[in-house]
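Raw entry31.cif, mmCIF, C-alpha atoms:
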```cif
data_run
loop_
_atom_site.label_atom_id
_atom_site.label_comp_id
_atom_site.auth_asym_id
_atom_site.auth_seq_id
_atom_site.Cartn_x
_atom_site.Cartn_y
_atom_site.Cartn_z
CA ARG A 1 -25.47 84.75 69.57
CA GLU A 2 -22.05 85.56 70.91
CA ALA A 3 -18.86 86.23 69.03
CA ALA A 4 -15.24 86.77 69.91
CA ALA A 5 -12.76 88.78 67.89
CA GLN A 6 -9.75 86.52 67.73
CA ARG A 7 -6.28 86.47 66.29
CA GLU A 8 -4.77 83.18 65.42
CA GLY A 9 -1.29 82.08 64.90
CA PRO A 10 -1.85 82.52 62.04
CA GLY A 11 -5.04 84.51 61.43
CA VAL A 12 -8.26 83.31 59.92
CA GLY A 13 -8.98 86.24 57.63
CA GLY A 14 -7.34 88.62 55.25
CA GLU A 15 -6.84 92.35 55.45
CA ARG A 16 -10.58 92.72 56.03
CA ALA A 17 -13.04 90.61 57.96
CA GLY A 18 -13.23 87.53 55.78
CA ARG A 19 -15.46 85.19 57.75
CA ALA A 20 -17.82 85.07 60.69
CA SER A 21 -18.32 82.03 62.89
CA VAL A 22 -21.70 81.41 64.46
CA VAL A 23 -21.13 79.27 67.55
CA HIS A 24 -23.65 77.03 69.29
CA ARG A 25 -22.58 75.57 72.62
CA GLU A 26 -23.11 71.83 73.15
CA PRO A 27 -25.89 71.16 70.60
CA ARG A 28 -28.70 68.99 71.91
CA ASP A 29 -28.85 66.16 69.41
CA ARG A 30 -28.62 62.53 70.43
CA GLY A 31 -25.63 61.59 68.32
CA PHE A 32 -22.81 62.12 70.81
CA ARG A 33 -22.64 62.18 74.58
CA PRO A 34 -19.09 62.20 75.98
CA ARG A 35 -18.82 60.93 79.54
CA PRO A 36 -18.01 63.70 82.06
CA SER A 37 -14.81 61.90 82.99
CA ALA A 38 -13.62 62.16 79.39
CA ARG A 39 -13.08 65.92 79.93
CA ALA A 40 -14.46 66.60 76.47
CA ALA A 41 -16.72 69.42 75.32
CA ARG A 42 -18.70 69.83 72.13
CA VAL A 43 -19.35 72.95 70.06
CA ALA A 44 -21.11 73.38 66.71
CA ILE A 45 -20.22 76.15 64.29
CA ARG A 46 -21.35 77.60 60.97
CA ILE A 47 -18.89 79.54 58.80
CA ILE A 48 -20.19 82.49 56.76
CA ASN A 49 -17.93 83.92 54.07
CA ALA A 50 -17.58 87.59 53.17
CA ASP A 51 -19.87 87.13 50.15
CA GLY A 52 -22.61 85.59 52.31
CA SER A 53 -22.02 81.99 51.22
CA GLU A 54 -21.54 79.25 53.80
CA ALA A 55 -18.34 77.22 54.00
CA GLU A 56 -18.28 73.57 55.02
CA ILE A 57 -15.38 74.12 57.39
CA SER A 58 -12.62 76.54 58.37
CA GLY A 59 -9.57 75.09 60.07
CA ASN A 60 -8.71 78.39 61.69
CA GLY A 61 -12.37 78.90 62.54
CA VAL A 62 -12.42 75.57 64.39
CA ARG A 63 -9.60 76.84 66.60
CA CYS A 64 -11.47 80.12 67.10
CA ALA A 65 -14.49 78.20 68.33
CA ALA A 66 -12.37 76.11 70.69
CA ALA A 67 -10.67 79.23 72.09
CA TRP A 68 -14.01 80.99 72.50
CA PHE A 69 -15.47 78.04 74.38
CA LEU A 70 -12.56 77.72 76.78
CA ASP A 71 -12.41 81.47 77.38
CA ARG A 72 -16.18 81.85 77.74
CA HIS A 73 -16.70 79.01 80.18
CA GLN A 74 -13.44 79.32 82.11
CA ARG A 75 -13.10 75.59 82.50
CA VAL A 76 -10.39 73.16 81.59
CA ALA A 77 -11.23 70.81 78.73
CA GLU A 78 -8.40 68.71 77.42
CA THR A 79 -10.39 67.78 74.32
CA LEU A 80 -13.15 69.49 72.35
CA PHE A 81 -15.18 68.22 69.42
CA VAL A 82 -16.10 71.00 66.99
CA LEU A 83 -18.99 70.05 64.71
CA THR A 84 -18.95 71.51 61.19
CA LYS A 85 -20.81 70.85 57.95
CA ALA A 86 -17.81 68.70 56.97
CA GLY A 87 -18.09 66.62 60.15
CA ALA A 88 -16.66 66.67 63.66
CA ARG A 89 -13.09 67.79 64.28
CA LYS A 90 -11.19 66.79 67.41
CA VAL A 91 -9.29 69.65 69.03
CA GLU A 92 -6.76 69.10 71.82
CA LEU A 93 -5.51 71.91 74.02
CA LEU A 94 -1.71 71.77 74.21
CA GLU A 95 -0.90 75.04 75.97
CA ARG A 96 -2.70 78.00 77.45
CA GLY A 97 -1.39 81.35 78.64
CA GLY A 98 -4.11 83.82 79.58
CA ARG A 99 -6.21 84.24 76.44
CA ARG A 100 -3.68 82.58 74.17
CA PHE A 101 -4.17 78.95 73.21
CA LEU A 102 -2.19 76.34 71.30
CA PHE A 103 -4.18 73.48 69.79
CA ARG A 104 -3.67 70.25 67.90
CA THR A 105 -6.58 69.65 65.54
CA GLU A 106 -7.43 66.45 63.70
CA MET A 107 -8.52 67.89 60.38
CA GLY A 108 -9.81 64.67 58.80
CA LYS A 109 -8.46 62.66 55.88
CA PRO A 110 -7.88 64.17 52.43
CA ILE A 111 -10.46 63.32 49.79
CA PHE A 112 -9.38 62.53 46.22
CA ALA A 113 -12.59 61.18 44.66
CA PRO A 114 -13.67 63.79 42.04
CA GLU A 115 -17.37 63.49 42.84
CA ARG A 116 -16.71 64.19 46.53
CA ILE A 117 -14.40 67.20 46.04
CA PRO A 118 -16.38 68.04 43.78
CA PHE A 119 -14.32 68.31 40.58
CA ALA A 120 -15.93 67.90 37.16
CA PRO A 121 -13.55 68.59 34.27
CA SER A 122 -14.68 68.46 30.67
CA ARG A 123 -12.55 65.38 29.94
CA SER A 124 -12.16 62.07 31.72
CA LEU A 125 -9.90 62.07 34.76
CA ARG A 126 -8.82 58.47 34.26
CA ARG A 127 -7.60 56.37 31.40
CA ALA A 128 -9.48 53.13 30.83
CA GLY A 129 -8.58 50.68 33.57
CA GLN A 130 -6.63 53.26 35.57
CA ALA A 131 -7.18 53.01 39.32
CA ALA A 132 -8.58 55.94 41.22
CA GLY A 133 -6.02 58.04 43.04
CA PRO A 134 -4.88 61.61 43.71
CA ILE A 135 -5.47 64.15 40.95
CA LEU A 136 -1.95 65.42 40.27
CA ASP A 137 -0.61 67.85 37.66
CA PHE A 138 -4.01 68.14 36.04
CA ALA A 139 -4.21 70.57 33.12
CA ILE A 140 -6.83 73.28 33.65
CA PRO A 141 -7.46 75.84 30.89
CA VAL A 142 -7.60 79.43 32.10
CA GLY A 143 -8.23 81.89 29.29
CA ASP A 144 -5.52 81.39 26.68
CA GLU A 145 -3.26 79.51 29.11
CA VAL A 146 -3.17 76.15 30.82
CA VAL A 147 -2.17 75.67 34.47
CA HIS A 148 -1.37 72.38 36.17
CA ALA A 149 -2.89 71.70 39.56
CA THR A 150 -3.32 69.12 42.28
CA VAL A 151 -7.00 68.90 43.22
CA LEU A 152 -8.38 67.52 46.49
CA SER A 153 -10.72 68.20 49.39
CA THR A 154 -9.88 68.64 53.05
CA GLY A 155 -13.53 69.10 53.96
CA ASN A 156 -13.84 71.77 51.26
CA PRO A 157 -12.43 71.88 47.70
CA HIS A 158 -8.86 72.95 46.99
CA CYS A 159 -6.87 73.61 43.84
CA VAL A 160 -3.11 73.64 44.53
CA LEU A 161 -0.52 75.14 42.16
CA PHE A 162 3.25 75.18 42.61
CA VAL A 163 5.29 78.31 41.94
CA ASP A 164 8.95 79.26 42.09
CA ASP A 165 8.42 82.94 42.94
CA PHE A 166 5.23 84.65 44.13
CA GLU A 167 6.43 87.95 42.66
CA MET A 168 6.67 86.52 39.14
CA ILE A 169 2.94 85.81 38.76
CA ASP A 170 -0.28 87.65 39.43
CA TRP A 171 -1.49 84.91 41.76
CA MET A 172 -4.49 86.88 43.03
CA ALA A 173 -5.85 87.35 39.50
CA LEU A 174 -5.23 83.68 38.70
CA GLY A 175 -6.83 82.67 42.01
CA GLN A 176 -9.93 84.66 41.15
CA GLU A 177 -10.18 82.91 37.77
CA LEU A 178 -9.78 79.47 39.29
CA GLU A 179 -12.14 80.04 42.23
CA SER A 180 -15.17 80.09 39.92
CA HIS A 181 -13.77 77.86 37.15
CA PRO A 182 -16.46 75.64 35.59
CA PHE A 183 -14.47 72.52 36.54
CA PHE A 184 -15.44 73.23 40.17
CA PRO A 185 -19.26 73.02 40.54
CA GLN A 186 -19.16 74.47 44.07
CA ARG A 187 -16.23 76.81 43.38
CA THR A 188 -12.86 76.18 45.01
CA ASN A 189 -10.17 77.52 47.31
CA VAL A 190 -6.84 78.09 45.59
CA GLU A 191 -3.36 77.64 47.06
CA PHE A 192 -0.09 78.78 45.52
CA VAL A 193 2.79 76.81 47.01
CA LYS A 194 6.53 77.40 47.03
CA VAL A 195 8.55 74.44 48.32
CA LYS A 196 11.38 75.78 50.47
CA SER A 197 12.80 72.46 51.69
CA PRO A 198 11.59 68.90 52.33
CA THR A 199 10.11 70.10 55.63
CA GLU A 200 9.02 73.67 54.79
CA ILE A 201 6.59 75.19 52.32
CA GLU A 202 5.31 78.73 51.81
CA VAL A 203 1.73 79.36 50.70
CA ARG A 204 -0.50 82.14 49.40
CA PHE A 205 -4.27 81.71 49.61
CA TYR A 206 -7.17 82.83 47.46
CA GLU A 207 -10.23 81.55 49.27
CA ARG A 208 -13.67 80.82 47.94
CA GLY A 209 -16.13 83.55 48.86
CA VAL A 210 -13.44 85.70 50.48
CA GLY A 211 -10.47 86.36 48.18
CA LYS A 212 -6.92 86.83 49.43
CA THR A 213 -6.44 85.73 53.04
CA LEU A 214 -3.43 85.71 55.33
CA SER A 215 -3.84 82.06 56.23
CA SER A 216 -6.06 78.99 55.88
CA GLY A 217 -6.16 75.88 58.04
CA THR A 218 -7.76 73.58 55.48
CA GLY A 219 -5.67 75.22 52.73
CA SER A 220 -2.46 74.57 54.66
CA CYS A 221 -3.46 70.92 54.97
CA ALA A 222 -4.22 70.70 51.25
CA ALA A 223 -0.89 72.34 50.42
CA ALA A 224 0.98 69.90 52.67
CA VAL A 225 -0.69 66.87 51.07
CA ALA A 226 -0.13 68.17 47.54
CA SER A 227 3.51 68.96 48.30
CA HIS A 228 4.13 65.43 49.57
CA LEU A 229 2.41 63.77 46.61
CA ALA A 230 3.64 66.03 43.82
CA ARG A 231 6.97 67.37 45.12
CA GLY A 232 8.18 64.70 47.53
CA THR A 233 8.23 66.72 50.74
CA GLU A 234 8.04 64.99 54.10
CA ARG A 235 4.68 64.03 55.60
CA GLU A 236 5.24 66.64 58.32
CA VAL A 237 5.96 70.22 57.24
CA ASP A 238 5.96 73.76 58.54
CA VAL A 239 3.57 75.84 56.46
CA HIS A 240 4.68 79.47 56.22
CA THR A 241 1.83 81.89 55.52
CA LEU A 242 1.46 85.66 55.59
CA GLY A 243 -0.13 85.26 59.02
CA GLY A 244 2.43 82.93 60.60
CA VAL A 245 3.49 79.29 60.67
CA LEU A 246 1.29 76.21 61.05
CA GLN A 247 2.59 72.69 61.55
CA VAL A 248 0.85 70.04 59.46
CA ARG A 249 1.42 66.32 59.72
CA TRP A 250 -0.16 63.78 57.35
CA ARG A 251 -0.12 60.70 59.54
CA GLU A 252 0.34 57.16 58.24
CA ASP A 253 -3.30 56.40 59.10
CA GLY A 254 -4.33 59.14 56.66
CA MET A 255 -5.40 61.67 59.28
CA LEU A 256 -4.23 65.26 58.94
CA ALA A 257 -3.10 66.81 62.23
CA GLN A 258 -2.46 70.53 62.55
CA VAL A 259 -0.79 72.46 65.38
CA ALA A 260 -1.47 76.19 65.58
CA GLY A 261 -2.75 78.80 68.00
CA ALA A 262 -5.55 81.23 68.66
CA GLU A 263 -5.74 84.39 70.76
CA ILE A 264 -8.86 86.12 72.11
CA LEU A 265 -8.73 89.87 71.44
CA ALA A 266 -12.24 91.05 72.34
CA ASN A 267 -15.77 89.84 73.04
CA GLY A 268 -19.13 91.12 71.87
CA ARG A 269 -22.75 90.21 71.31
CA PHE A 270 -24.96 90.62 68.27
CA PHE A 271 -28.61 89.87 67.60
CA TRP A 272 -29.59 87.68 64.66
CA ARG A 273 -33.19 87.04 63.71
#
```
So, in terms of structure tokens, how does the structure I just supplied come out?
Amino acid sequence: REAAAQREGPGVGGERAGRASVVHREPRDRGFRPRPSARAARVAIRIINADGSEAEISGNGVRCAAAWFLDRHQRVAETLFVLTKAGARKVELLERGGRRFLFRTEMGKPIFAPERIPFAPSRSLRRAGQAAGPILDFAIPVGDEVVHATVLSTGNPHCVLFVDDFEMIDWMALGQELESHPFFPQRTNVEFVKVKSPTEIEVRFYERGVGKTLSSGTGSCAAAVASHLARGTEREVDVHTLGGVLQVRWREDGMLAQVAGAEILANGRFFWR
């Protein structure tokens, strides 16, 4: 197995190593065979969290894998398909300067069906006859308090809360409570969102199996969708994180597209039985 230490714009982890990506080059199944003229490559990854659990997907990790592949093989590929447990993600190379890369990633469509997030509250999500739709402003009991959240999946579960000031709440403690809340059978990632303008949001992340992180690709997508549905922001926003700025666009066809970078810092090799 090979690994590359990488810094993204913004970064994948927190103040410590939050995740490891195990990369397999061009897996040999029969499901997908791009024509050579398509200038496409294919990479499969597995994402291991700090606590040893496996994540379905990491948006920043997908870019890491794409950067590793292009750096490792020293060949031009306009498009890569990164296979994750949540499905394939299309990654397009927009710019390259040395070991710095800028990508546009199709992150998939947001999922609102409770059983697919999964989200299993103790009371019914819908009134009789009410059509299925996004789970907005849902009351979740936490200790002696109740918080209101938008709940969805962007390949993995997310619980999004809106705040006016990050300094006025202990968001890391609340994130820890919500991560393993019984309403989330497979635990959840938690985003705390401050809307700065119709085209800008700021986010703090408490990620499942990791804790506080500087950035999250899937979390940024979830925050962008929740902000549009619950706070009326535009479908395209700049997401400000502690690690930098990502651009997220929720297209009219439902696809989430994200523009952000990755930078190779070092290479190494480890042995895994």
Near-segment 182-197 of chain A list (6 Å; all atoms listed in the file; drop same-chain fewer than 5 positions) as an NGL selection string
:A and (119-121 or 157-164 or 175 or 202-208)
Store the residues picked out above in a file with C-alpha atoms, as a compact mmCIF listing (two decimals), keeping the file's coordinate frame.
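Now in out_15.txt:
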```txt
# COMPACT_ATOMS: atom_id res chain seq x y z
CA PHE A 119 -14.32 68.31 40.58
CA ALA A 120 -15.93 67.90 37.16
CA PRO A 121 -13.55 68.59 34.27
CA PRO A 157 -12.43 71.88 47.70
CA HIS A 158 -8.86 72.95 46.99
CA CYS A 159 -6.87 73.61 43.84
CA VAL A 160 -3.11 73.64 44.53
CA LEU A 161 -0.52 75.14 42.16
CA PHE A 162 3.25 75.18 42.61
CA VAL A 163 5.29 78.31 41.94
CA ASP A 164 8.95 79.26 42.09
CA GLY A 175 -6.83 82.67 42.01
CA GLU A 202 5.31 78.73 51.81
CA VAL A 203 1.73 79.36 50.70
CA ARG A 204 -0.50 82.14 49.40
CA PHE A 205 -4.27 81.71 49.61
CA TYR A 206 -7.17 82.83 47.46
CA GLU A 207 -10.23 81.55 49.27
CA ARG A 208 -13.67 80.82 47.94
```
Proximity to Pro198 of chain A - best of A:Ser216, A:Thr84, A:Ser227, A:Gln258, all atoms listed in the file:
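That would be A:Ser227, the residue with the smallest distance to Pro198 of chain A.
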re atom CA of Pro110 of chain A and atom CA of Ser153 of chain A: distance 5.8 Å
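Using all atoms listed in the file, the shortest contact distance between Leu242 of chain A and any of A:His228, A:Lys212, A:Arg99, A:Arg104 is found at A:Lys212.
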Using only C-alpha atoms, which protein or nucleic acid residues come within 8 Å of Ala224 of chain A? Drop anything in the same chain fewer than 4 positions from it, and give the result as a list in words.
Ile201, Ser220, His228, Arg235, Glu236, Val237, Val239, Val248, Arg249 and Trp250 of chain A
Do a neighbour search on Leu246 of chain A at 8 Å with only C-alpha atoms, toss out local chain neighbours closer than 3 positions, and write the hits as a PDB file with C-alpha atoms, in the coordinates of the input.
```
ATOM      1  CA  GLY A   9      -1.290  82.080  64.900  1.00  0.00           C
ATOM      2  CA  PRO A  10      -1.850  82.520  62.040  1.00  0.00           C
ATOM      3  CA  SER A 220      -2.460  74.570  54.660  1.00  0.00           C
ATOM      4  CA  ASP A 238       5.960  73.760  58.540  1.00  0.00           C
ATOM      5  CA  VAL A 239       3.570  75.840  56.460  1.00  0.00           C
ATOM      6  CA  HIS A 240       4.680  79.470  56.220  1.00  0.00           C
ATOM      7  CA  THR A 241       1.830  81.890  55.520  1.00  0.00           C
ATOM      8  CA  GLN A 258      -2.460  70.530  62.550  1.00  0.00           C
ATOM      9  CA  VAL A 259      -0.790  72.460  65.380  1.00  0.00           C
ATOM     10  CA  ALA A 260      -1.470  76.190  65.580  1.00  0.00           C
TER      11      ALA A 260
END
```
Would you work out the distance separating atom CA of Asp71 of chain A from atom CA of Gly155 of chain A, expressed in Å to one decimal?
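A separation of 26.5 Å between them.
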For Gly254 of chain A, the nearest of the candidates A:Leu94, A:Leu80, A:Val210, A:Met107, counting all atoms listed in the file:
A:Met107
Return the single residue from A:Ile140, A:Val43, A:Leu70, A:Ala113 that is closest to Ala88 of chain A, with distances computed using all atoms listed in the file.
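Comparing A:Ile140, A:Val43, A:Leu70, A:Ala113 against Ala88 of chain A, the winner is A:Val43.
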Which residue, A:Ala226, A:Ala257, A:Ile48, A:Ala40, has the smallest gap to Phe103 of chain A when you use all atoms listed in the file?
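Of all the options, A:Ala257 lies closest to Phe103 of chain A.
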